[in-house]
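The structure file my_file-v5.pdb is reproduced below (PDB, C-alpha atoms and all ligand atoms).
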```
MODEL        1
ATOM      1  CA  MET A 108      -9.753 -18.850   0.568
ATOM      2  CA  LYS A 109      -8.378 -15.595   2.020
ATOM      3  CA  LEU A 110      -7.344 -13.245  -0.773
ATOM      4  CA  ILE A 111      -5.948  -9.738  -1.018
ATOM      5  CA  PHE A 112      -6.578  -7.787  -4.229
ATOM      6  CA  LEU A 113      -3.652  -5.447  -4.843
ATOM      7  CA  GLY A 114      -3.473  -3.028  -7.747
ATOM      8  CA  PRO A 115      -3.648   0.580  -8.887
ATOM      9  CA  PRO A 116      -6.899   2.558  -8.787
ATOM     10  CA  GLY A 117      -9.091   1.572 -11.702
ATOM     11  CA  ALA A 118      -7.343  -1.763 -12.296
ATOM     12  CA  GLY A 119     -10.661  -3.589 -11.990
ATOM     13  CA  LYS A 120     -10.349  -4.926  -8.424
ATOM     14  CA  GLY A 121     -13.966  -4.212  -7.543
ATOM     15  CA  THR A 122     -15.233  -5.557 -10.868
ATOM     16  CA  LEU A 123     -13.344  -8.850 -10.566
ATOM     17  CA  ALA A 124     -14.260  -9.137  -6.876
ATOM     18  CA  VAL A 125     -17.972  -9.224  -7.748
ATOM     19  CA  LYS A 126     -17.308 -12.221 -10.061
ATOM     20  CA  ALA A 127     -14.854 -13.907  -7.687
ATOM     21  CA  VAL A 128     -17.368 -13.787  -4.828
ATOM     22  CA  GLU A 129     -19.721 -15.981  -6.873
ATOM     23  CA  ILE A 130     -16.923 -18.432  -7.636
ATOM     24  CA  LEU A 131     -15.444 -18.658  -4.146
ATOM     25  CA  ASN A 132     -18.488 -17.914  -1.988
ATOM     26  CA  VAL A 133     -16.642 -15.567   0.376
ATOM     27  CA  PRO A 134     -17.483 -11.949   1.346
ATOM     28  CA  HIS A 135     -16.107  -9.027  -0.670
ATOM     29  CA  ILE A 136     -14.614  -6.522   1.753
ATOM     30  CA  SER A 137     -13.708  -3.224   0.086
ATOM     31  CA  THR A 138     -12.367  -0.539   2.408
ATOM     32  CA  GLY A 139     -13.200   2.093  -0.222
ATOM     33  CA  ALA A 140     -16.818   0.876  -0.349
ATOM     34  CA  ILE A 141     -17.063   0.887   3.466
ATOM     35  CA  PHE A 142     -15.772   4.477   3.532
ATOM     36  CA  ARG A 143     -18.191   5.546   0.761
ATOM     37  CA  ALA A 144     -21.120   3.994   2.652
ATOM     38  CA  ALA A 145     -20.050   5.877   5.795
ATOM     39  CA  ILE A 146     -19.885   9.118   3.804
ATOM     40  CA  ALA A 147     -23.361   8.530   2.364
ATOM     41  CA  ALA A 148     -24.726   7.845   5.859
ATOM     42  CA  GLN A 149     -22.938  10.956   7.216
ATOM     43  CA  SER A 150     -21.674   8.883  10.155
ATOM     44  CA  PRO A 151     -18.786  10.184  12.300
ATOM     45  CA  LEU A 152     -16.393   8.027  10.239
ATOM     46  CA  GLY A 153     -17.873   9.373   6.999
ATOM     47  CA  LEU A 154     -17.542  12.991   8.099
ATOM     48  CA  LYS A 155     -13.931  12.360   9.123
ATOM     49  CA  VAL A 156     -12.829  10.775   5.838
ATOM     50  CA  LYS A 157     -14.895  12.584   3.166
ATOM     51  CA  ALA A 158     -12.428  15.349   2.245
ATOM     52  CA  ILE A 159      -9.485  12.923   2.294
ATOM     53  CA  ILE A 160     -11.167  10.457  -0.060
ATOM     54  CA  ASP A 161     -12.571  13.080  -2.420
ATOM     55  CA  SER A 162      -9.051  14.478  -2.915
ATOM     56  CA  GLY A 163      -7.520  11.029  -3.593
ATOM     57  CA  ARG A 164      -5.306  10.803  -0.501
ATOM     58  CA  LEU A 165      -5.219   7.830   1.897
ATOM     59  CA  VAL A 166      -7.167   7.633   5.131
ATOM     60  CA  ASP A 167      -4.758   7.255   8.083
ATOM     61  CA  ASP A 168      -3.476   3.763   8.892
ATOM     62  CA  GLU A 169      -4.878   3.661  12.420
ATOM     63  CA  THR A 170      -8.478   4.316  11.352
ATOM     64  CA  THR A 171      -8.270   1.926   8.410
ATOM     65  CA  ILE A 172      -6.619  -0.923  10.333
ATOM     66  CA  GLU A 173      -9.208  -0.700  13.121
ATOM     67  CA  LEU A 174     -12.025  -0.821  10.580
ATOM     68  CA  VAL A 175     -10.661  -3.931   8.848
ATOM     69  CA  LYS A 176      -9.856  -5.662  12.127
ATOM     70  CA  GLU A 177     -13.489  -5.279  13.219
ATOM     71  CA  ARG A 178     -14.834  -6.386   9.847
ATOM     72  CA  LEU A 179     -12.646  -9.502   9.714
ATOM     73  CA  ALA A 180     -13.793 -10.484  13.207
ATOM     74  CA  GLN A 181     -17.342 -10.996  11.912
ATOM     75  CA  SER A 182     -18.533 -14.571  11.411
ATOM     76  CA  ASP A 183     -18.901 -14.450   7.611
ATOM     77  CA  ALA A 184     -15.174 -13.709   7.189
ATOM     78  CA  GLN A 185     -13.813 -16.641   9.186
ATOM     79  CA  SER A 186     -13.393 -19.149   6.377
ATOM     80  CA  GLY A 187     -12.427 -16.718   3.638
ATOM     81  CA  TYR A 188     -12.645 -13.237   2.158
ATOM     82  CA  ILE A 189     -11.594 -10.970  -0.644
ATOM     83  CA  LEU A 190      -9.890  -7.901   0.779
ATOM     84  CA  ASP A 191     -10.153  -5.245  -1.932
ATOM     85  CA  GLY A 192      -8.072  -2.109  -1.356
ATOM     86  CA  PHE A 193      -6.456  -3.189   1.911
ATOM     87  CA  PRO A 194      -3.587  -3.247   2.802
ATOM     88  CA  ARG A 195      -2.380  -0.169   0.954
ATOM     89  CA  THR A 196       0.712   0.662   3.004
ATOM     90  CA  ILE A 197       3.477  -1.425   4.610
ATOM     91  CA  PRO A 198       2.231  -0.617   8.147
ATOM     92  CA  GLN A 199      -1.260  -1.846   7.146
ATOM     93  CA  ALA A 200       0.229  -5.093   5.793
ATOM     94  CA  GLU A 201       2.208  -5.635   9.002
ATOM     95  CA  ALA A 202      -0.856  -4.965  11.131
ATOM     96  CA  LEU A 203      -2.999  -7.372   9.099
ATOM     97  CA  GLU A 204      -0.588 -10.205   9.838
ATOM     98  CA  THR A 205      -1.275  -9.810  13.556
ATOM     99  CA  PHE A 206      -4.987 -10.613  13.141
ATOM    100  CA  SER A 207      -5.383 -12.554   9.864
ATOM    101  CA  LYS A 208      -3.155 -14.393   7.409
ATOM    102  CA  ALA A 209      -4.022 -14.188   3.720
ATOM    103  CA  ASP A 210      -3.432 -17.246   1.527
ATOM    104  CA  LYS A 211      -2.592 -15.308  -1.628
ATOM    105  CA  VAL A 212      -2.185 -11.738  -2.879
ATOM    106  CA  VAL A 213      -3.542 -11.124  -6.372
ATOM    107  CA  ASN A 214      -1.505  -8.438  -8.124
ATOM    108  CA  PHE A 215      -3.452  -6.644 -10.876
ATOM    109  CA  ASP A 216      -0.980  -6.046 -13.668
ATOM    110  CA  ILE A 217      -2.058  -3.119 -15.881
ATOM    111  CA  PRO A 218      -0.483  -0.041 -17.512
ATOM    112  CA  ASP A 219      -1.275   3.495 -16.253
ATOM    113  CA  THR A 220      -2.879   4.510 -19.551
ATOM    114  CA  ALA A 221      -5.532   1.786 -19.221
ATOM    115  CA  VAL A 222      -6.186   2.782 -15.634
ATOM    116  CA  VAL A 223      -6.878   6.416 -16.535
ATOM    117  CA  GLU A 224      -9.211   5.302 -19.339
ATOM    118  CA  ARG A 225     -11.135   3.018 -16.983
ATOM    119  CA  LEU A 226     -11.461   5.616 -14.237
ATOM    120  CA  SER A 227     -12.504   8.494 -16.452
ATOM    121  CA  GLY A 228     -15.439   6.444 -17.782
ATOM    122  CA  ARG A 229     -16.441   4.770 -14.538
ATOM    123  CA  ARG A 230     -19.938   5.193 -13.146
ATOM    124  CA  VAL A 231     -21.119   3.661  -9.872
ATOM    125  CA  CYS A 232     -24.521   2.734  -8.441
ATOM    126  CA  ARG A 233     -25.256   5.013  -5.490
ATOM    127  CA  ASN A 234     -27.384   2.296  -3.927
ATOM    128  CA  CYS A 235     -25.495  -1.014  -4.286
ATOM    129  CA  GLY A 236     -22.018   0.104  -5.413
ATOM    130  CA  VAL A 237     -21.859  -1.951  -8.636
ATOM    131  CA  ASN A 238     -19.461  -0.464 -11.248
ATOM    132  CA  TYR A 239     -20.278   0.518 -14.810
ATOM    133  CA  HIS A 240     -18.299   2.154 -17.592
ATOM    134  CA  THR A 241     -19.488   4.586 -20.257
ATOM    135  CA  ILE A 242     -17.794   2.513 -22.999
ATOM    136  CA  PHE A 243     -16.776  -0.911 -21.647
ATOM    137  CA  ASN A 244     -19.696  -1.787 -19.394
ATOM    138  CA  LYS A 245     -22.873   0.218 -19.975
ATOM    139  CA  PRO A 246     -26.040  -0.336 -17.939
ATOM    140  CA  LYS A 247     -29.043  -1.507 -19.972
ATOM    141  CA  GLN A 248     -30.858   1.736 -19.250
ATOM    142  CA  ASP A 249     -28.932   5.029 -19.135
ATOM    143  CA  GLY A 250     -28.240   6.187 -15.556
ATOM    144  CA  VAL A 251     -30.057   3.240 -13.927
ATOM    145  CA  CYS A 252     -28.397   0.274 -12.175
ATOM    146  CA  ASP A 253     -29.144  -3.136 -13.774
ATOM    147  CA  ALA A 254     -28.809  -4.887 -10.430
ATOM    148  CA  CYS A 255     -31.041  -2.745  -8.193
ATOM    149  CA  GLY A 256     -32.545   0.144 -10.189
ATOM    150  CA  GLY A 257     -30.463   2.672  -8.211
ATOM    151  CA  GLU A 258     -29.079   5.950  -9.561
ATOM    152  CA  ILE A 259     -25.704   5.795 -11.309
ATOM    153  CA  TYR A 260     -23.227   8.606 -10.543
ATOM    154  CA  THR A 261     -19.566   9.651 -11.034
ATOM    155  CA  ARG A 262     -17.356   9.211  -7.972
ATOM    156  CA  GLU A 263     -15.902  12.497  -6.686
ATOM    157  CA  ASP A 264     -12.400  10.936  -6.715
ATOM    158  CA  ASP A 265     -12.733   9.971 -10.411
ATOM    159  CA  LYS A 266     -12.367  13.627 -11.411
ATOM    160  CA  GLU A 267      -9.050  14.170 -13.161
ATOM    161  CA  GLU A 268      -7.077  15.887 -10.391
ATOM    162  CA  ALA A 269      -7.989  13.237  -7.819
ATOM    163  CA  VAL A 270      -7.158  10.432 -10.284
ATOM    164  CA  GLN A 271      -3.614  11.791 -10.739
ATOM    165  CA  LYS A 272      -3.259  12.098  -6.967
ATOM    166  CA  ARG A 273      -4.442   8.502  -6.455
ATOM    167  CA  LEU A 274      -1.928   7.215  -9.008
ATOM    168  CA  THR A 275       0.903   9.076  -7.264
ATOM    169  CA  VAL A 276      -0.201   7.781  -3.880
ATOM    170  CA  TYR A 277      -0.370   4.262  -5.328
ATOM    171  CA  ARG A 278       3.177   4.435  -6.705
ATOM    172  CA  GLU A 279       4.644   5.868  -3.519
ATOM    173  CA  GLN A 280       2.779   4.024  -0.792
ATOM    174  CA  THR A 281       1.075   0.929  -2.218
ATOM    175  CA  ALA A 282       3.322  -0.393  -5.026
ATOM    176  CA  PRO A 283       6.076  -1.330  -2.500
ATOM    177  CA  LEU A 284       3.663  -4.032  -1.290
ATOM    178  CA  ILE A 285       4.265  -5.944  -4.529
ATOM    179  CA  ASP A 286       7.836  -6.730  -3.487
ATOM    180  CA  TYR A 287       6.818  -7.160   0.130
ATOM    181  CA  TYR A 288       4.402  -9.969  -0.757
ATOM    182  CA  ARG A 289       6.577 -11.411  -3.526
ATOM    183  CA  LYS A 290       9.344 -11.957  -0.999
ATOM    184  CA  LYS A 291       6.877 -13.781   1.237
ATOM    185  CA  GLY A 292       5.926 -16.043  -1.674
ATOM    186  CA  LEU A 293       2.275 -14.930  -1.593
ATOM    187  CA  LEU A 294       2.070 -12.901  -4.792
ATOM    188  CA  VAL A 295       0.132 -14.106  -7.839
ATOM    189  CA  ASP A 296       0.258 -11.879 -10.936
ATOM    190  CA  VAL A 297      -2.889 -11.510 -13.034
ATOM    191  CA  ASP A 298      -2.939  -9.684 -16.361
ATOM    192  CA  ALA A 299      -5.804  -7.225 -15.768
ATOM    193  CA  SER A 300      -5.657  -5.433 -19.123
ATOM    194  CA  PRO A 301      -8.016  -7.542 -21.291
ATOM    195  CA  GLN A 302     -11.816  -7.493 -21.133
ATOM    196  CA  VAL A 303     -13.564  -8.604 -17.953
ATOM    197  CA  ASP A 304     -14.327 -12.246 -18.923
ATOM    198  CA  GLU A 305     -10.710 -12.785 -19.864
ATOM    199  CA  VAL A 306      -9.509 -11.262 -16.602
ATOM    200  CA  VAL A 307     -11.807 -13.683 -14.772
ATOM    201  CA  ASN A 308     -10.171 -16.576 -16.668
ATOM    202  CA  ASN A 309      -6.682 -15.250 -15.932
ATOM    203  CA  PHE A 310      -7.631 -15.059 -12.267
ATOM    204  CA  LYS A 311      -8.947 -18.643 -12.203
ATOM    205  CA  LYS A 312      -5.849 -19.974 -13.955
ATOM    206  CA  ALA A 313      -3.500 -18.067 -11.655
ATOM    207  CA  LEU A 314      -5.215 -19.528  -8.590
ATOM    208  CA  ASP A 315      -5.818 -22.972 -10.058
ATOM    209  CA  ILE A 316      -9.610 -22.711  -9.756
ATOM    210  CA  ASN A 317     -11.758 -24.692 -12.223
TER     211      ASN A 317
HETATM  212  P1  LIG B   1     -11.051   2.367  -3.427
HETATM  213  O1  LIG B   1     -12.504   2.383  -3.485
HETATM  214  O2  LIG B   1     -10.344   1.136  -3.031
HETATM  215  O3  LIG B   1     -10.500   2.916  -4.810
HETATM  216  P2  LIG B   1      -9.231   2.494  -5.672
HETATM  217  O4  LIG B   1      -8.219   1.609  -5.115
HETATM  218  O5  LIG B   1      -8.728   3.793  -6.155
HETATM  219  O6  LIG B   1      -9.771   1.536  -6.692
HETATM  220  P3  LIG B   1     -10.972   1.761  -7.564
HETATM  221  O7  LIG B   1     -12.195   1.353  -6.823
HETATM  222  O8  LIG B   1     -10.912   3.139  -8.134
HETATM  223  O9  LIG B   1     -10.647   0.785  -8.775
HETATM  224  P4  LIG B   1     -10.927  -0.753  -8.961
HETATM  225  O10 LIG B   1      -9.599  -1.423  -9.100
HETATM  226  O11 LIG B   1     -11.870  -1.293  -7.952
HETATM  227  O12 LIG B   1     -11.569  -0.715 -10.404
HETATM  228  P5  LIG B   1     -13.087  -0.967 -10.855
HETATM  229  O13 LIG B   1     -13.412  -2.416 -10.739
HETATM  230  O14 LIG B   1     -13.989   0.019 -10.234
HETATM  231  O15 LIG B   1     -10.559   3.520  -2.453
HETATM  232  C1  LIG B   1     -11.085   4.817  -2.500
HETATM  233  C2  LIG B   1     -10.416   5.692  -1.480
HETATM  234  O16 LIG B   1     -10.694   5.190  -0.153
HETATM  235  C3  LIG B   1      -8.885   5.776  -1.540
HETATM  236  O17 LIG B   1      -8.434   6.707  -2.472
HETATM  237  C4  LIG B   1      -8.564   6.163  -0.093
HETATM  238  O18 LIG B   1      -8.787   7.520   0.124
HETATM  239  C5  LIG B   1      -9.580   5.372   0.701
HETATM  240  N1  LIG B   1      -9.069   4.047   1.095
HETATM  241  C6  LIG B   1      -9.543   2.839   0.678
HETATM  242  N2  LIG B   1      -8.818   1.839   1.208
HETATM  243  C7  LIG B   1      -7.856   2.423   1.965
HETATM  244  C8  LIG B   1      -6.770   1.938   2.737
HETATM  245  N3  LIG B   1      -6.524   0.616   2.836
HETATM  246  N4  LIG B   1      -5.978   2.831   3.377
HETATM  247  C9  LIG B   1      -6.214   4.149   3.297
HETATM  248  N5  LIG B   1      -7.203   4.690   2.575
HETATM  249  C10 LIG B   1      -8.017   3.837   1.909
HETATM  250  O19 LIG B   1     -12.944  -0.650 -12.430
HETATM  251  C11 LIG B   1     -12.718   0.664 -12.877
HETATM  252  C12 LIG B   1     -13.546   0.922 -14.148
HETATM  253  O20 LIG B   1     -13.075   0.087 -15.203
HETATM  254  C13 LIG B   1     -15.036   0.611 -14.025
HETATM  255  O21 LIG B   1     -15.746   1.566 -14.754
HETATM  256  C14 LIG B   1     -15.198  -0.783 -14.648
HETATM  257  O22 LIG B   1     -16.474  -0.939 -15.248
HETATM  258  C15 LIG B   1     -14.096  -0.772 -15.707
HETATM  259  N6  LIG B   1     -13.471  -2.063 -15.893
HETATM  260  C16 LIG B   1     -13.108  -2.947 -14.898
HETATM  261  N7  LIG B   1     -12.511  -4.026 -15.428
HETATM  262  C17 LIG B   1     -12.478  -3.813 -16.779
HETATM  263  C18 LIG B   1     -11.982  -4.564 -17.883
HETATM  264  N8  LIG B   1     -11.381  -5.766 -17.714
HETATM  265  N9  LIG B   1     -12.093  -4.048 -19.136
HETATM  266  C19 LIG B   1     -12.691  -2.836 -19.320
HETATM  267  N10 LIG B   1     -13.197  -2.082 -18.325
HETATM  268  C20 LIG B   1     -13.083  -2.562 -17.068
HETATM  269 MG    MG B   2     -12.888  -0.482  -6.274
HETATM  270 ZN    ZN B   3     -27.329  -0.901  -7.853
ENDMDL
END
```
Translate the structure of the given file into structure tokens.
Ligand code: AP5
Ligand code: MG
Ligand code: ZN
Amino acid sequence: MKLIFLGPPGAGKGTLAVKAVEILNVPHISTGAIFRAAIAAQSPLGLKVKAIIDSGRLVDDETTIELVKERLAQSDAQSGYILDGFPRTIPQAEALETFSKADKVVNFDIPDTAVVERLSGRRVCRNCGVNYHTIFNKPKQDGVCDACGGEIYTREDDKEEAVQKRLTVYREQTAPLIDYYRKKGLLVDVDASPQVDEVVNNFKKALDIN
């Protein structure tokens, strides 16, 4: 199954994707995670995008589209994928259609207040990228990743100013994709506001997965 996860920052796309990967057995492709890995590695891509990402703005369409096109050409993505955080603009959505057709677009339905609460408490493993939350999803040991033992840190773009910027960018540039995909008959709404297990159930019901 080829899925797009569409929703505001902090809606829980990455968290649900980790669960959905186990259910569907397809790769989780997060453009944000690819950019963060490039930043950590100080690669040319990482150096180019660091300031943009830290401030909560979008990386340019050309760079992002090229990155996804290359990733989707790899063998593990041929029979399915979860695209998390792409497309984020109409031009990105139009470009995607020229090299891959998604089966469904999962729209994460959640109020802004919940999003701010989730982002302000989010912590991330520096090593494997798994998400935690200071209230909703604590690691067993403070500051240490359950999955790999890596160090847990606060993302630069989860600081308050960048969060507000990301929400504005979402409303202006990404939210129009909801109508875009609804008109194409691809959109599936999932209530993303309850706790994680319930969101997983909502997701399965919405996609008719047992
Ligand atoms: P990206 O990494 O995609 O960030 P984002 O869209 O802002 O989304 P987040 O990762 O912040 O939120 P999420 O929905 O994954 O929520 P999560 O599961 O972590 O992008 C980062 C940046 O990269 C962008 O700003 C941009 O600069 C650039 N970029 C990426 N893609 C791009 C593109 N296509 N074009 C241009 N630029 C691009 O959950 C959040 C928190 O809530 C966690 O702490 C989690 O533990 C907790 N939580 C999750 N679910 C629940 C729940 N059900 N109940 C309680 N807590 C929960
Ligand atoms: Mg994410
Ligand atoms: Zn880890």
Might you spell out which residues the PyMOL selection byres (((not hetatm)) within 7 of (chain B and resi 1)) would select in the displayed file, as a PyMOL selection string? chain A and resi 114-123+137-140+142+159-160+163-168+171+191-195+225-226+228-230+238-240+243-244+273+299-303+306
Expand the PyMOL selection byres (((chain A and resi 134) around 9) and not hetatm) into the explicit residue set it covers here, and present it as a short mmCIF file (atom, residue, chain, number, x, y, z; two decimals) with C-alpha atoms, in the coordinates of the input.
```cif
data_model
loop_
_atom_site.label_atom_id
_atom_site.label_comp_id
_atom_site.auth_asym_id
_atom_site.auth_seq_id
_atom_site.Cartn_x
_atom_site.Cartn_y
_atom_site.Cartn_z
CA VAL A 128 -17.37 -13.79 -4.83
CA LEU A 131 -15.44 -18.66 -4.15
CA ASN A 132 -18.49 -17.91 -1.99
CA VAL A 133 -16.64 -15.57 0.38
CA HIS A 135 -16.11 -9.03 -0.67
CA ILE A 136 -14.61 -6.52 1.75
CA ASP A 183 -18.90 -14.45 7.61
CA ALA A 184 -15.17 -13.71 7.19
CA GLY A 187 -12.43 -16.72 3.64
CA TYR A 188 -12.64 -13.24 2.16
CA ILE A 189 -11.59 -10.97 -0.64
CA LEU A 190 -9.89 -7.90 0.78
#
```
Per-residue nearest contacts chain A to ligand ZN 3 (chain B), cut-off 8 Å, using only C-alpha atoms and all ligand atoms, as a Markdown table:
```
| residue | atom | partner | partner_atom | distance |
| --- | --- | --- | --- | --- |
| A:Val231 | CA | B:ZN3 | ZN | 8.0 |
| A:Cys232 | CA | B:ZN3 | ZN | 4.6 |
| A:Arg233 | CA | B:ZN3 | ZN | 6.7 |
| A:Asn234 | CA | B:ZN3 | ZN | 5.1 |
| A:Cys235 | CA | B:ZN3 | ZN | 4.0 |
| A:Gly236 | CA | B:ZN3 | ZN | 5.9 |
| A:Val237 | CA | B:ZN3 | ZN | 5.6 |
| A:Val251 | CA | B:ZN3 | ZN | 7.8 |
| A:Cys252 | CA | B:ZN3 | ZN | 4.6 |
| A:Asp253 | CA | B:ZN3 | ZN | 6.6 |
| A:Ala254 | CA | B:ZN3 | ZN | 5.0 |
| A:Cys255 | CA | B:ZN3 | ZN | 4.2 |
| A:Gly256 | CA | B:ZN3 | ZN | 5.8 |
| A:Gly257 | CA | B:ZN3 | ZN | 4.8 |
| A:Glu258 | CA | B:ZN3 | ZN | 7.3 |
| A:Ile259 | CA | B:ZN3 | ZN | 7.7 |
```
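Applied to the file shown here, the PyMOL selection byres (((chain A and resi 172-177) around 8) and not hetatm) selects the residues Thr138, Asp168, Glu169, Thr170, Thr171, Arg178, Leu179, Ala180, Gln181, Gln199, Ala202, Leu203 and Phe206 of chain A.
Here atom CA of Asp265 of chain A stands at a distance of 20.1 Å from atom CA of Asp216 of chain A.
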For segment 273-282 of chain A, I'd like the enclosing box, axis-aligned and padded by 4 Å on every side, reported as lines of an AutoDock Vina configuration file with centre and edge lengths in Å to one decimal.
```
center_x = 0.1
center_y = 4.3
center_z = -4.9
size_x = 17.1
size_y = 17.5
size_z = 16.2
```
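Atom CA of Val213 of chain A sits 22.2 Å away from atom CA of Val270 of chain A.
Proximity of A:Ala200, A:Ile111, A:Val156, A:Ala127 to Ile141 of chain A, computed with only C-alpha atoms, is greatest for A:Val156.
In this comparison, which uses only C-alpha atoms and all ligand atoms, the residue of A:Thr261, A:Ala124, A:Ile316, A:Val212 approaching ligand MG 2 (chain B) most closely is A:Ala124.
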Of the residues A:Lys211, A:Ser227, A:Asp298, A:Leu113, which is the one nearest to Asp315 of chain A, using only C-alpha atoms? A:Lys211
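Restricting the calculation to only C-alpha atoms and all ligand atoms, the smallest distance between ligand MG 2 (chain B) and any of A:Ala313, A:Val222, A:Ala148, A:Ile197 is found for A:Val222.
Our summary of the geometry notes that atom CA of Lys109 of chain A is positioned 19.3 Å from atom CA of Asp286 of chain A.
Distance check against ligand MG 2 (chain B) using all atoms listed in the file: of A:Leu314, A:Thr281, A:Val125, A:Val307, the minimum falls on A:Val125.
Considering only C-alpha atoms, the residue among A:Tyr288, A:Val297, A:Glu279, A:Glu129 positioned nearest to Ala209 of chain A is A:Tyr288.
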Just need segment 157-210 of chain A in a file, please: C-alpha atoms, as a PDB file, in the first residue's frame.
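Okay, this is what ended up in selection34.pdb:
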```pdb
ATOM      1  CA  LYS A 157      20.023  23.409   8.507  1.00  0.00           C
ATOM      2  CA  ALA A 158      19.103  27.080   9.016  1.00  0.00           C
ATOM      3  CA  ILE A 159      15.849  26.673   7.069  1.00  0.00           C
ATOM      4  CA  ILE A 160      14.699  23.699   9.140  1.00  0.00           C
ATOM      5  CA  ASP A 161      15.777  25.129  12.489  1.00  0.00           C
ATOM      6  CA  SER A 162      13.661  28.235  11.813  1.00  0.00           C
ATOM      7  CA  GLY A 163      10.569  26.201  10.811  1.00  0.00           C
ATOM      8  CA  ARG A 164      10.420  27.215   7.142  1.00  0.00           C
ATOM      9  CA  LEU A 165      10.143  24.768   4.220  1.00  0.00           C
ATOM     10  CA  VAL A 166      13.078  23.516   2.194  1.00  0.00           C
ATOM     11  CA  ASP A 167      12.646  24.511  -1.478  1.00  0.00           C
ATOM     12  CA  ASP A 168      10.462  22.296  -3.672  1.00  0.00           C
ATOM     13  CA  GLU A 169      13.196  21.422  -6.158  1.00  0.00           C
ATOM     14  CA  THR A 170      15.567  19.994  -3.535  1.00  0.00           C
ATOM     15  CA  THR A 171      12.796  18.127  -1.733  1.00  0.00           C
ATOM     16  CA  ILE A 172      11.212  16.647  -4.870  1.00  0.00           C
ATOM     17  CA  GLU A 173      14.586  15.394  -6.127  1.00  0.00           C
ATOM     18  CA  LEU A 174      15.281  13.757  -2.773  1.00  0.00           C
ATOM     19  CA  VAL A 175      11.942  11.918  -2.702  1.00  0.00           C
ATOM     20  CA  LYS A 176      12.184  10.900  -6.348  1.00  0.00           C
ATOM     21  CA  GLU A 177      15.533   9.215  -5.654  1.00  0.00           C
ATOM     22  CA  ARG A 178      14.278   7.568  -2.473  1.00  0.00           C
ATOM     23  CA  LEU A 179      11.147   6.170  -4.133  1.00  0.00           C
ATOM     24  CA  ALA A 180      13.261   4.702  -6.935  1.00  0.00           C
ATOM     25  CA  GLN A 181      14.922   2.328  -4.458  1.00  0.00           C
ATOM     26  CA  SER A 182      13.821  -1.310  -4.498  1.00  0.00           C
ATOM     27  CA  ASP A 183      12.233  -1.392  -1.025  1.00  0.00           C
ATOM     28  CA  ALA A 184       9.690   1.278  -2.031  1.00  0.00           C
ATOM     29  CA  GLN A 185       8.313  -0.431  -5.132  1.00  0.00           C
ATOM     30  CA  SER A 186       5.400  -2.281  -3.566  1.00  0.00           C
ATOM     31  CA  GLY A 187       4.488   0.294  -0.943  1.00  0.00           C
ATOM     32  CA  TYR A 188       5.564   3.089   1.379  1.00  0.00           C
ATOM     33  CA  ILE A 189       4.481   5.574   3.976  1.00  0.00           C
ATOM     34  CA  LEU A 190       5.434   9.067   2.865  1.00  0.00           C
ATOM     35  CA  ASP A 191       5.528  11.154   6.044  1.00  0.00           C
ATOM     36  CA  GLY A 192       5.816  14.915   5.524  1.00  0.00           C
ATOM     37  CA  PHE A 193       5.779  14.886   1.723  1.00  0.00           C
ATOM     38  CA  PRO A 194       4.132  16.411  -0.275  1.00  0.00           C
ATOM     39  CA  ARG A 195       3.803  19.654   1.654  1.00  0.00           C
ATOM     40  CA  THR A 196       3.003  22.039  -1.197  1.00  0.00           C
ATOM     41  CA  ILE A 197       0.821  21.809  -4.322  1.00  0.00           C
ATOM     42  CA  PRO A 198       3.883  21.782  -6.634  1.00  0.00           C
ATOM     43  CA  GLN A 199       5.309  18.839  -4.629  1.00  0.00           C
ATOM     44  CA  ALA A 200       2.004  16.954  -4.975  1.00  0.00           C
ATOM     45  CA  GLU A 201       1.933  17.574  -8.733  1.00  0.00           C
ATOM     46  CA  ALA A 202       5.531  16.437  -9.097  1.00  0.00           C
ATOM     47  CA  LEU A 203       4.904  13.258  -7.092  1.00  0.00           C
ATOM     48  CA  GLU A 204       2.185  12.215  -9.523  1.00  0.00           C
ATOM     49  CA  THR A 205       4.738  12.149 -12.339  1.00  0.00           C
ATOM     50  CA  PHE A 206       6.821   9.438 -10.632  1.00  0.00           C
ATOM     51  CA  SER A 207       4.531   7.616  -8.162  1.00  0.00           C
ATOM     52  CA  LYS A 208       0.813   7.318  -7.482  1.00  0.00           C
ATOM     53  CA  ALA A 209      -0.318   7.031  -3.872  1.00  0.00           C
ATOM     54  CA  ASP A 210      -3.306   4.812  -3.059  1.00  0.00           C
TER      55      ASP A 210
END
```
